[in-house]
Amino acid sequence: MEQVYRVLEDFVFIDIILFPTIYASLFVNILYNNRRRKEPLNLGVFTTLISFPLSAVGPSNAFMIELS
């Protein structure tokens with residue numbers, strides 16, 4: 001099990017670089033497609049890419065529901 005953690009430690013730098021790169025690529029491609037073809041789905045996905053990271057900063061979490 002220790003080897004698994006060692007592999008994760010070794011590749012965390014690559015993940016830190018790749019995730020923002022892929023996210024920015026999606027952001028730019030959807031924005032470009034929205035300007036070229038005015039489809040409502042492109043605008044919805046673009047808005048979602050903006051709203052989910054912003055909602056993570058807030059005090060509530062959309063994925064956790066407290067059942068009382």
# chains A, B, ... in the order shown; residues from 1 in each chain; ligands from 1
>>> residues_around(residues="Leu43 in chain A", least_positions_apart="4", cutoff="10 Å", atoms="only C-alpha atoms", output="PyMOL selection string")
chain A and resi 30-31+33-35+38-39+47-49
>>> atom_distance(atom1="CA of Leu26 in chain A", atom2="CA of Val12 in chain A")
21.2 Å
>>> atom_distance(atom1="CA of Asp15 in chain A", atom2="CA of Leu41 in chain A")
28.6 Å
>>> atom_distance(atom1="CA of Asn42 in chain A", atom2="CA of Tyr23 in chain A")
15.2 Å
